[in-house]
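The structure file query06.tsv is reproduced below (TSV, C-alpha atoms).
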chain	number	residue	atom	x	y	z
X	1080	GLU	CA	75.78	114.41	160.85
X	1081	LEU	CA	72.38	114.14	162.40
X	1082	LEU	CA	69.99	116.99	162.90
X	1083	PRO	CA	69.07	117.72	166.52
X	1084	GLN	CA	66.33	115.31	167.56
X	1085	LYS	CA	63.91	115.16	170.50
X	1086	LEU	CA	62.85	112.04	172.35
X	1087	LEU	CA	59.14	112.06	173.05
X	1088	ILE	CA	57.55	109.80	175.67
X	1089	VAL	CA	54.31	108.30	174.46
X	1090	GLU	CA	52.36	106.28	177.02
X	1091	HIS	CA	55.55	105.77	179.07
X	1092	SER	CA	57.46	104.33	176.05
X	1093	ILE	CA	59.97	105.72	173.56
X	1094	CYS	CA	58.78	105.76	169.92
X	1095	CYS	CA	61.92	105.89	167.76
X	1096	CYS	CA	62.94	104.77	164.24
X	1097	GLY	CA	66.50	104.49	163.11
X	1098	CYS	CA	68.30	107.61	164.22
X	1099	ALA	CA	65.25	109.90	164.11
X	1100	CYS	CA	62.88	109.94	167.06
X	1101	LEU	CA	59.20	110.35	166.32
X	1102	SER	CA	56.38	112.33	167.81
X	1103	HIS	CA	53.27	110.56	168.99
X	1104	THR	CA	51.43	111.53	165.81
X	1105	PHE	CA	53.73	109.18	163.83
X	1106	CYS	CA	53.67	106.19	166.10
X	1107	PRO	CA	52.34	103.09	164.32
X	1108	SER	CA	49.31	102.54	166.47
X	1109	LEU	CA	46.64	102.91	163.82
X	1110	PRO	CA	45.01	99.62	162.83
X	1111	GLY	CA	44.39	100.67	159.20
X	1112	ALA	CA	48.08	100.51	158.40
X	1113	GLN	CA	48.47	96.82	159.22
X	1114	GLY	CA	47.76	95.65	155.62
X	1115	GLN	CA	50.10	98.11	153.91
X	1116	PHE	CA	53.55	97.34	152.51
X	1117	PRO	CA	56.11	99.81	151.10
X	1118	ILE	CA	57.06	99.34	147.43
X	1119	VAL	CA	60.54	100.28	146.13
X	1120	GLN	CA	62.67	99.58	143.06
X	1121	ASN	CA	66.37	98.83	142.53
X	1122	MET	CA	68.18	101.67	140.76
X	1123	THR	CA	71.34	102.03	138.68
X	1124	VAL	CA	73.20	105.30	138.21
X	1125	THR	CA	76.51	106.35	136.67
X	1126	GLU	CA	79.14	107.87	138.90
X	1127	GLY	CA	78.63	111.64	139.01
X	1128	GLY	CA	74.98	111.37	137.99
X	1129	ILE	CA	71.70	111.89	139.85
X	1130	VAL	CA	69.21	109.25	141.01
X	1131	ASN	CA	65.74	109.29	142.59
X	1132	LEU	CA	64.71	106.78	145.24
X	1133	THR	CA	60.92	106.35	145.51
X	1134	CYS	CA	58.92	104.52	148.17
X	1135	ARG	CA	55.15	104.12	147.64
X	1136	VAL	CA	52.27	102.80	149.73
X	1137	GLU	CA	48.72	102.41	148.48
X	1138	HIS	CA	45.81	103.69	150.61
X	1139	ASN	CA	48.03	104.87	153.44
X	1140	ASP	CA	46.34	106.46	156.44
X	1141	ASN	CA	49.01	109.00	157.42
X	1142	THR	CA	51.49	106.35	158.57
X	1143	SER	CA	55.00	107.77	158.24
X	1144	LEU	CA	57.60	106.72	155.62
X	1145	GLN	CA	61.34	106.90	156.08
X	1146	TRP	CA	64.45	106.44	153.84
X	1147	SER	CA	67.74	105.29	155.35
X	1148	ASN	CA	71.13	104.65	153.70
X	1149	PRO	CA	73.30	101.47	153.72
X	1150	ALA	CA	74.84	102.62	157.03
X	1151	GLN	CA	71.30	102.74	158.50
X	1152	GLN	CA	71.46	106.50	158.81
X	1153	THR	CA	68.07	108.15	158.33
X	1154	LEU	CA	68.01	110.37	155.28
X	1155	PHE	CA	64.43	111.62	155.38
X	1156	PHE	CA	61.57	110.92	157.80
X	1157	GLY	CA	58.53	112.09	155.92
X	1158	ASP	CA	59.40	115.59	154.76
X	1159	LYS	CA	61.94	116.06	157.55
X	1160	LYS	CA	65.60	115.89	156.53
X	1161	ALA	CA	67.67	113.93	159.01
X	1162	LEU	CA	71.19	113.85	157.51
X	1163	ARG	CA	73.24	116.92	156.63
X	1164	ASP	CA	74.23	116.13	153.03
X	1165	ASN	CA	73.65	118.82	150.43
X	1166	ARG	CA	73.55	116.18	147.69
X	1167	ILE	CA	70.38	114.63	149.13
X	1168	GLU	CA	67.13	116.51	148.47
X	1169	LEU	CA	63.43	115.89	148.96
X	1170	VAL	CA	61.45	115.44	145.74
X	1171	ARG	CA	58.00	114.51	147.08
X	1172	ALA	CA	56.55	113.63	150.47
X	1173	THR	CA	52.89	112.56	150.79
X	1174	SER	CA	51.04	110.00	152.83
X	1175	GLN	CA	51.48	107.52	149.96
X	1176	GLU	CA	54.94	108.43	148.59
X	1177	LEU	CA	58.37	109.50	149.75
X	1178	THR	CA	60.83	110.33	146.95
X	1179	ILE	CA	64.33	111.68	147.51
X	1180	SER	CA	67.17	112.47	145.08
X	1181	ILE	CA	70.92	111.97	145.40
X	1182	SER	CA	73.09	114.08	143.09
X	1183	GLU	CA	76.79	113.83	142.27
X	1184	VAL	CA	76.63	110.12	143.08
X	1185	THR	CA	79.90	108.49	144.12
X	1186	LEU	CA	80.92	104.85	144.33
X	1187	ALA	CA	80.58	105.11	148.12
X	1188	ASP	CA	76.83	105.69	147.70
X	1189	GLU	CA	76.34	102.17	146.38
X	1190	GLY	CA	74.49	99.77	148.62
X	1191	MET	CA	71.12	98.75	150.11
X	1192	TYR	CA	68.70	101.56	150.91
X	1193	THR	CA	65.73	100.89	153.20
X	1194	CYS	CA	62.23	102.35	153.12
X	1195	SER	CA	60.34	101.88	156.41
X	1196	LEU	CA	56.60	102.12	156.98
X	1197	PHE	CA	55.85	102.71	160.65
X	1198	THR	CA	53.04	100.33	161.23
X	1199	MET	CA	53.03	97.94	164.16
X	1200	PRO	CA	55.27	96.10	163.55
X	1201	VAL	CA	57.42	98.29	161.24
X	1202	LYS	CA	57.42	97.10	157.62
X	1203	THR	CA	60.43	97.65	155.38
X	1204	ALA	CA	61.41	97.31	151.74
X	1205	LYS	CA	64.95	97.42	150.43
X	1206	ALA	CA	66.26	98.87	147.14
X	1207	PHE	CA	69.81	98.30	145.95
X	1208	LEU	CA	71.55	101.29	144.39
X	1209	THR	CA	74.17	100.25	141.82
X	1210	VAL	CA	76.78	102.87	140.91
X	1211	LEU	CA	78.61	102.38	137.62
X	1212	GLY	CA	82.21	103.52	137.41
X	1213	MET	CA	82.86	105.53	134.24
X	1214	PRO	CA	85.95	104.26	132.38
X	1215	LYS	CA	88.56	106.87	131.57
X	1216	LYS	CA	89.68	107.63	128.02
X	1217	PRO	CA	92.09	104.88	126.94
X	1218	GLU	CA	95.78	105.52	126.41
X	1219	ILE	CA	97.98	103.70	123.87
X	1220	ASN	CA	101.58	103.08	124.91
X	1221	GLY	CA	104.54	101.41	123.23
X	1222	LEU	CA	104.47	103.28	119.90
X	1223	THR	CA	107.51	105.23	118.74
X	1224	LYS	CA	107.61	107.19	115.51
X	1225	PRO	CA	108.95	106.28	113.08
X	1226	VAL	CA	109.07	102.47	113.15
X	1227	MET	CA	111.53	100.65	110.91
X	1228	GLU	CA	110.31	97.90	108.60
X	1229	GLY	CA	110.88	94.52	110.24
X	1230	ASP	CA	110.65	95.82	113.81
X	1231	GLN	CA	108.46	94.01	116.33
X	1232	ILE	CA	106.44	96.33	118.57
X	1233	THR	CA	103.83	95.89	121.31
X	1234	LEU	CA	100.95	98.35	121.56
X	1235	THR	CA	99.32	98.54	125.00
X	1236	CYS	CA	95.93	100.14	125.66
X	1237	VAL	CA	95.03	101.03	129.26
X	1238	THR	CA	91.77	102.32	130.76
X	1239	SER	CA	90.98	102.71	134.46
X	1240	GLY	CA	88.09	103.64	136.72
X	1241	SER	CA	85.49	101.30	135.25
X	1242	LYS	CA	82.93	99.40	137.33
X	1243	PRO	CA	82.28	96.69	136.33
X	1244	ALA	CA	85.39	96.03	134.22
X	1245	ALA	CA	85.24	97.64	130.79
X	1246	ASP	CA	85.59	95.77	127.48
X	1247	VAL	CA	88.66	96.81	125.47
X	1248	ARG	CA	88.91	96.04	121.74
X	1249	TRP	CA	91.47	96.74	119.01
X	1250	PHE	CA	90.72	97.81	115.43
X	1251	LYS	CA	93.05	97.99	112.44
X	1252	ASN	CA	91.53	100.47	110.00
X	1253	GLU	CA	88.06	99.70	111.42
X	1254	LYS	CA	88.62	95.93	111.17
X	1255	GLU	CA	88.72	94.26	114.59
X	1256	VAL	CA	91.89	92.42	115.61
X	1257	LYS	CA	92.41	90.33	118.74
X	1258	GLY	CA	94.54	91.53	121.65
X	1259	ALA	CA	95.62	90.00	124.97
X	1260	LYS	CA	93.41	91.31	127.81
X	1261	GLU	CA	94.35	91.78	131.47
X	1262	VAL	CA	92.02	92.99	134.27
X	1263	ASN	CA	93.20	94.30	137.66
X	1264	ALA	CA	90.99	95.43	140.57
X	1265	SER	CA	91.74	98.72	142.29
X	1266	GLY	CA	89.33	99.24	145.18
X	1267	LYS	CA	85.81	99.24	143.76
X	1268	THR	CA	86.99	99.95	140.21
X	1269	PHE	CA	88.99	98.06	137.60
X	1270	THR	CA	91.95	98.79	135.38
X	1271	VAL	CA	91.83	96.99	132.03
X	1272	LYS	CA	94.86	96.54	129.79
X	1273	SER	CA	95.00	95.02	126.30
X	1274	SER	CA	98.21	94.32	124.36
X	1275	LEU	CA	98.72	93.88	120.63
X	1276	GLN	CA	101.97	92.52	119.14
X	1277	LEU	CA	102.92	93.55	115.61
X	1278	GLN	CA	105.60	92.55	113.11
X	1279	VAL	CA	105.82	95.77	111.14
X	1280	ASN	CA	106.20	95.87	107.35
X	1281	ARG	CA	105.82	98.54	104.67
X	1282	HIS	CA	102.13	97.81	104.27
X	1283	ASP	CA	101.57	99.05	107.85
X	1284	ASP	CA	102.68	102.56	106.92
X	1285	GLY	CA	99.71	104.86	107.48
X	1286	VAL	CA	97.59	102.17	109.14
X	1287	ALA	CA	95.40	103.41	112.00
X	1288	TYR	CA	95.22	101.29	115.16
X	1289	THR	CA	92.30	102.18	117.42
X	1290	CYS	CA	91.72	101.12	121.03
X	1291	ARG	CA	87.98	101.22	121.79
X	1292	VAL	CA	86.42	100.96	125.27
X	1293	ASP	CA	82.83	99.75	125.65
X	1294	HIS	CA	80.95	99.94	128.96
X	1295	MET	CA	77.35	100.01	130.17
X	1296	ALA	CA	77.96	103.49	131.58
X	1297	LEU	CA	78.72	104.69	128.02
X	1298	THR	CA	75.16	104.44	126.74
X	1299	ALA	CA	75.33	106.69	123.70
X	1300	THR	CA	78.93	106.30	122.55
X	1301	HIS	CA	82.28	104.75	123.43
X	1302	GLU	CA	85.70	105.99	124.41
X	1303	GLU	CA	88.52	105.43	121.93
X	1304	THR	CA	92.05	106.48	121.06
X	1305	THR	CA	93.75	106.11	117.66
X	1306	GLN	CA	97.43	105.97	116.69
X	1307	VAL	CA	98.68	105.96	113.09
X	1308	LEU	CA	101.83	103.98	112.30
X	1309	GLU	CA	104.66	105.64	110.44
X	1310	VAL	CA	106.89	102.96	108.94
X	1311	HIS	CA	110.19	103.76	107.24
X	1312	TYR	CA	111.28	101.34	104.51
X	1313	ALA	CA	113.66	101.12	101.55
X	1314	PRO	CA	112.28	102.19	98.14
X	1315	TYR	CA	111.04	100.08	95.27
X	1316	VAL	CA	110.37	101.47	91.78
X	1317	GLU	CA	108.05	100.86	88.83
X	1318	ILE	CA	107.93	102.55	85.38
X	1319	LYS	CA	104.63	103.42	83.67
X	1320	HIS	CA	104.46	104.13	79.90
X	1321	SER	CA	101.83	106.10	78.00
X	1322	ILE	CA	101.55	103.79	74.92
X	1323	PRO	CA	102.03	100.00	74.67
X	1324	ALA	CA	103.74	99.76	71.23
X	1325	PRO	CA	105.74	102.91	70.36
X	1326	LEU	CA	105.98	103.91	66.67
X	1327	GLU	CA	108.22	106.41	64.92
X	1328	GLY	CA	106.97	109.96	65.26
X	1329	GLN	CA	104.75	109.23	68.26
X	1330	TYR	CA	104.73	110.97	71.63
X	1331	LEU	CA	105.87	108.79	74.57
X	1332	LYS	CA	105.99	109.55	78.28
X	1333	LEU	CA	107.73	107.32	80.84
X	1334	GLU	CA	106.84	107.92	84.49
X	1335	CYS	CA	109.05	106.68	87.30
X	1336	VAL	CA	106.92	105.78	90.34
X	1337	PRO	CA	109.05	105.19	93.45
X	1338	HIS	CA	107.57	103.84	96.69
X	1339	GLY	CA	109.39	104.38	99.94
X	1340	ASN	CA	109.40	106.21	103.25
X	1341	PRO	CA	110.99	108.71	103.43
X	1342	SER	CA	109.99	109.48	99.86
X	1343	PRO	CA	112.91	108.83	97.49
X	1344	ASP	CA	113.13	112.12	95.63
X	1345	PRO	CA	114.57	113.06	93.18
X	1346	VAL	CA	114.97	110.08	90.83
X	1347	LEU	CA	117.80	109.49	88.34
X	1348	TRP	CA	117.17	108.54	84.65
X	1349	THR	CA	119.86	106.81	82.56
X	1350	LYS	CA	120.02	105.07	79.14
X	1351	ASP	CA	122.03	101.90	78.56
X	1352	GLY	CA	124.04	102.61	81.71
X	1353	GLY	CA	125.00	106.15	80.68
X	1354	GLU	CA	123.59	109.64	80.46
X	1355	LEU	CA	120.53	110.50	78.41
X	1356	PRO	CA	121.40	111.61	74.86
X	1357	ASP	CA	119.83	114.44	72.84
X	1358	LEU	CA	118.25	116.35	75.69
X	1359	ASP	CA	116.67	118.71	73.15
X	1360	ARG	CA	114.19	115.99	72.14
X	1361	VAL	CA	114.07	114.11	75.42
X	1362	ILE	CA	112.63	116.17	78.28
X	1363	VAL	CA	113.14	115.26	81.95
X	1364	GLU	CA	110.68	116.87	84.34
X	1365	GLY	CA	110.89	115.51	87.87
X	1366	ARG	CA	109.99	111.82	87.66
X	1367	GLU	CA	108.82	111.96	84.01
X	1368	LEU	CA	110.83	111.25	80.87
X	1369	THR	CA	109.12	112.55	77.69
X	1370	PHE	CA	109.89	111.85	74.01
X	1371	MET	CA	108.22	114.46	71.80
X	1372	ALA	CA	108.70	112.50	68.53
X	1373	LEU	CA	110.20	109.02	68.62
X	1374	ASN	CA	112.77	107.69	66.17
X	1375	LYS	CA	114.87	104.54	66.07
X	1376	THR	CA	117.85	106.26	67.68
X	1377	ASP	CA	115.80	106.32	70.88
X	1378	ASN	CA	115.93	102.52	71.11
X	1379	GLY	CA	117.59	101.26	74.26
X	1380	THR	CA	117.11	100.37	77.94
X	1381	TYR	CA	116.04	103.22	80.18
X	1382	ARG	CA	116.59	102.94	83.93
X	1383	CYS	CA	114.98	104.89	86.78
X	1384	GLU	CA	116.81	104.84	90.11
X	1385	ALA	CA	115.46	106.00	93.49
X	1386	THR	CA	117.30	106.29	96.82
X	1387	ASN	CA	116.52	107.07	100.45
X	1388	HIS	CA	118.60	106.58	103.62
X	1389	LEU	CA	117.46	102.94	103.86
X	1390	GLY	CA	118.51	101.80	100.38
X	1391	THR	CA	118.40	102.13	96.58
X	1392	SER	CA	116.12	100.53	93.98
X	1393	HIS	CA	115.66	100.77	90.22
X	1394	ALA	CA	113.37	99.69	87.37
X	1395	GLU	CA	114.08	99.35	83.64
X	1396	TYR	CA	112.09	99.88	80.44
X	1397	LYS	CA	113.29	98.55	77.08
X	1398	LEU	CA	112.26	100.88	74.25
X	1399	VAL	CA	111.91	99.45	70.72
X	1400	VAL	CA	110.62	101.98	68.18
X	1401	LYS	CA	108.93	100.38	65.15
X	1402	ASP	CA	108.36	101.67	61.61
X	1403	PRO	CA	104.63	102.20	61.12
X	1404	ASN	CA	104.94	101.32	57.35
X	1405	ALA	CA	106.56	97.95	58.04
X	1406	LEU	CA	103.81	96.71	60.24
X	1407	PRO	CA	101.45	94.12	58.75
X	1408	GLY	CA	98.06	95.49	57.91
X	1409	PRO	CA	94.90	94.29	59.45
X	1410	PRO	CA	93.47	91.00	58.07
X	1411	ASP	CA	91.14	91.22	55.03
X	1412	HIS	CA	87.99	89.71	56.41
X	1413	ALA	CA	86.20	89.86	53.06
X	1414	LEU	CA	88.94	87.81	51.33
X	1415	ILE	CA	88.94	85.22	54.08
X	1416	GLY	CA	85.17	84.93	53.83
X	1417	GLY	CA	85.33	84.43	50.06
X	1418	ILE	CA	87.90	81.66	50.32
X	1419	VAL	CA	85.83	79.85	52.91
X	1420	ALA	CA	82.73	80.10	50.68
X	1421	VAL	CA	84.59	78.63	47.65
X	1422	VAL	CA	85.89	75.71	49.71
X	1423	VAL	CA	82.43	74.94	51.03
X	1424	PHE	CA	80.88	75.14	47.52
X	1425	ALA	CA	83.53	72.81	46.02
X	1426	THR	CA	82.99	70.30	48.81
X	1427	LEU	CA	79.23	70.25	48.18
X	1428	CYS	CA	79.73	69.73	44.40
X	1429	LEU	CA	82.11	66.82	45.00
X	1430	ILE	CA	79.59	65.16	47.30
X	1431	ILE	CA	76.81	65.50	44.70
X	1432	VAL	CA	78.92	64.06	41.79
X	1433	LEU	CA	80.11	61.12	43.85
X	1434	GLY	CA	76.57	60.35	44.90
X	1435	ARG	CA	75.28	60.26	41.30
X	1436	TYR	CA	78.17	58.01	40.18
X	1437	LEU	CA	77.50	55.48	42.90
X	1438	ALA	CA	73.79	55.50	42.11
X	1439	ARG	CA	74.40	54.64	38.40
X	1440	HIS	CA	76.69	51.64	39.05
X	1441	LYS	CA	74.39	50.01	41.51
X	1442	GLY	CA	73.00	46.53	40.17
X	1443	THR	CA	72.29	42.85	40.84
X	1444	TYR	CA	74.86	40.06	41.28
X	1445	LEU	CA	75.76	37.94	38.22
X	1446	THR	CA	76.19	34.23	39.15
X	1447	ASN	CA	77.15	30.99	37.20
X	1448	GLU	CA	73.89	29.06	37.33
X	1449	ALA	CA	73.35	25.76	35.45
X	1450	LYS	CA	73.09	26.41	31.72
X	1451	GLY	CA	70.14	24.92	29.91
X	1452	ALA	CA	68.01	24.89	32.98
X	1453	ASP	CA	65.30	26.76	31.13
X	1454	ASP	CA	64.91	24.07	28.33
X	1455	ALA	CA	65.42	20.94	30.51
X	1456	PRO	CA	62.30	18.93	31.40
X	1457	ASP	CA	63.57	18.28	34.95
X	1458	ALA	CA	66.34	19.22	37.32
X	1459	ASP	CA	68.54	16.18	36.62
X	1460	THR	CA	68.56	16.81	32.87
X	1461	ALA	CA	69.41	20.45	33.52
X	1462	ILE	CA	72.40	19.48	35.64
X	1463	ILE	CA	73.66	16.97	33.05
X	1464	ASN	CA	73.32	19.52	30.26
X	1465	ALA	CA	75.03	22.14	32.40
X	1466	ASP	CA	77.95	19.91	33.31
X	1467	GLY	CA	78.50	18.99	29.74
X	1468	ASN	CA	78.65	22.54	28.67
X	1469	HIS	CA	81.12	23.67	31.35
X	1470	ALA	CA	84.12	22.70	29.33
X	1471	HIS	CA	83.09	24.77	26.35
X	1472	ALA	CA	81.47	27.61	28.22
X	1473	GLU	CA	83.14	30.97	28.00
X	1474	GLU	CA	84.65	31.95	31.35
X	1475	LYS	CA	82.68	34.74	32.98
X	1476	LYS	CA	84.07	37.20	35.55
X	1477	GLU	CA	82.14	38.96	38.25
X	1478	TYR	CA	82.77	42.52	39.50
X	1479	PHE	CA	81.17	44.18	42.45
X	1480	ILE	CA	81.17	47.87	43.05
Kindly transcribe the structure held in the file into structure tokens.
Amino acid sequence: ELLPQKLLIVEHSICCCGCACLSHTFCPSLPGAQGQFPIVQNMTVTEGGIVNLTCRVEHNDNTSLQWSNPAQQTLFFGDKKALRDNRIELVRATSQELTISISEVTLADEGMYTCSLFTMPVKTAKAFLTVLGMPKKPEINGLTKPVMEGDQITLTCVTSGSKPAADVRWFKNEKEVKGAKEVNASGKTFTVKSSLQLQVNRHDDGVAYTCRVDHMALTATHEETTQVLEVHYAPYVEIKHSIPAPLEGQYLKLECVPHGNPSPDPVLWTKDGGELPDLDRVIVEGRELTFMALNKTDNGTYRCEATNHLGTSHAEYKLVVKDPNALPGPPDHALIGGIVAVVVFATLCLIIVLGRYLARHKGTYLTNEAKGADDAPDADTAIINADGNHAHAEEKKEYFI
């Protein structure tokens, strides 16, 4: 809605700008304004926020400045408000600057805003106002509690109202998992949906699935929603024992640890398929079976059984009580060391004796050379003498060690 305006005739012509008519004092007839240009800046604001639009001119000589909206409606002409909108206020109006503010910004405020400097001709500068749509808190659908082990479920996270489209991510206990994303436009905003398919097992019991929305409008944080799975499954059992090798007279505690949801409680203890004997010495407290002082009559197979509405499971522990006096003692390390030393010493002595024996029987080779070679005047005579003596010579034998 425009404020009442007056048309003023200046030198038989109408001086008017946009929707606001001007008095002769604002008509762009001054030559000093010809070299001036308005300076503006694009702005971004989140829906519901507040934004300032500033138009500046250096060395202006009282030439008027004007802001108009994307519909070319004049917002302010100098310090004069032209549009009835309580959200739009004047921040500063001088000969060199015109700054206005828009509060409670809506998506409809987005668009091109024009600053006009009334020189001759009129000079303009345009600033685009971008309005970000704030995404709403995400919602997770498709989860029913409890979920049975083996079921296949689809978790769907939905957020709306974002501009531009928000980024939706899934996390399983703070570890990111991939979902299937779908974006749909709704007017100027977007609705984003992400789906996650799960084959549920017992390990998913108590797992937190978080849908997190990231967007440029969420500068300091992010929007997120978390759902914790409750998975029902049949029990399984394990038995823990306090000592590894039970001996007569010792204290022993067996603990039955059932896992299941709902919790399988209470548990049932049996021995060798029947009831527990001698309950004065064997104490049952909840899931624990305690032997105050073991003896060999306690030998047997002990079973723990746990049940919930989805099934039954059991675990067994075979107890063998040993006589502490019949157990072999620890090895005598001193005796073993002595035996090793004797063997090493005997081996060294044998090596030394054998070496001396071989050294004493070491000698030259004894060969059958021609006899009489020392007394013969020449080689032929020596050979003749030697041959003649072969028949009567005593047979010699040679040995080599």
With 3 Å of padding per side, what axis-aligned box (centre and edge lengths, Å, one decimal) covers all the listed atoms of region 1119-1131 of chain X? Give it as JSON.
{"center_x": 69.8, "center_y": 105.4, "center_z": 141.4, "size_x": 24.6, "size_y": 19.1, "size_z": 15.5}
Original post:
Do you know which residues are at most 12 Å from Ala1204 (chain X) counting only C-alpha atoms, after dropping those on the same chain fewer than 2 positions away, and could you put them as a ChimeraX atom specification?
Top reply: /X:1115-1121,1132-1136,1144-1147,1191-1197,1201-1202,1206-1207
Original post:
Within 7 Å of region 1171-1186 of chain X, counting only C-alpha atoms, which residues qualify if same-chain residues fewer than 5 places away don't, as a list in words?
Top reply: Glu1126, Gly1127, Gly1128, Ile1129, Val1130, Asn1131, Leu1132, Thr1133, Cys1134, Arg1135, Val1136, Glu1137, His1138, Asn1139, Asp1140, Asn1141, Thr1142, Leu1144, Gly1157, Asp1158, Arg1166 and Val1210 of chain X
Expected file contents, prior selection, C-alpha atoms, as a PDB file, in the frame of the given file:
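The new file again02.pdb reads:
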ATOM      1  CA  GLU X1126      79.140 107.870 138.900  1.00  0.00           C
ATOM      2  CA  GLY X1127      78.630 111.640 139.010  1.00  0.00           C
ATOM      3  CA  GLY X1128      74.980 111.370 137.990  1.00  0.00           C
ATOM      4  CA  ILE X1129      71.700 111.890 139.850  1.00  0.00           C
ATOM      5  CA  VAL X1130      69.210 109.250 141.010  1.00  0.00           C
ATOM      6  CA  ASN X1131      65.740 109.290 142.590  1.00  0.00           C
ATOM      7  CA  LEU X1132      64.710 106.780 145.240  1.00  0.00           C
ATOM      8  CA  THR X1133      60.920 106.350 145.510  1.00  0.00           C
ATOM      9  CA  CYS X1134      58.920 104.520 148.170  1.00  0.00           C
ATOM     10  CA  ARG X1135      55.150 104.120 147.640  1.00  0.00           C
ATOM     11  CA  VAL X1136      52.270 102.800 149.730  1.00  0.00           C
ATOM     12  CA  GLU X1137      48.720 102.410 148.480  1.00  0.00           C
ATOM     13  CA  HIS X1138      45.810 103.690 150.610  1.00  0.00           C
ATOM     14  CA  ASN X1139      48.030 104.870 153.440  1.00  0.00           C
ATOM     15  CA  ASP X1140      46.340 106.460 156.440  1.00  0.00           C
ATOM     16  CA  ASN X1141      49.010 109.000 157.420  1.00  0.00           C
ATOM     17  CA  THR X1142      51.490 106.350 158.570  1.00  0.00           C
ATOM     18  CA  LEU X1144      57.600 106.720 155.620  1.00  0.00           C
ATOM     19  CA  GLY X1157      58.530 112.090 155.920  1.00  0.00           C
ATOM     20  CA  ASP X1158      59.400 115.590 154.760  1.00  0.00           C
ATOM     21  CA  ARG X1166      73.550 116.180 147.690  1.00  0.00           C
ATOM     22  CA  VAL X1210      76.780 102.870 140.910  1.00  0.00           C
TER      23      VAL X1210
END
**OP:** Have a look at X:Ser1321, X:Asp1246, X:Asn1340, X:Gln1329 and name the one nearest to Asp1284 (chain X); count all atoms listed in the file.
**Re:** X:Asn1340
**OP:** Using CA of Leu1308 (chain X) and CA of Val1256 (chain X) as the two end points, give the distance in Å to one decimal.
**Re:** 15.6 Å
**OP:** Could you tell me which of X:Tyr1396, X:Phe1155, X:Tyr1288, X:Trp1348 comes closest to Gly1258 (chain X) if we count all atoms listed in the file?
**Re:**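 Under the stated criterion, the closest residue is X:Tyr1288.
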Original post:
For Thr1223 (chain X), which residue among X:Ile1167, X:Leu1333, X:Ala1187, X:Val1310 is the nearest when counting all atoms listed in the file?
Top reply: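 Answer, going by the shortest atom-to-atom distance: X:Val1310.
If only C-alpha atoms are the atoms counted, then among X:Asp1230, X:Ala1287, X:Gln1151, X:Met1295 the closest residue to Leu1211 (chain X) is X:Met1295.
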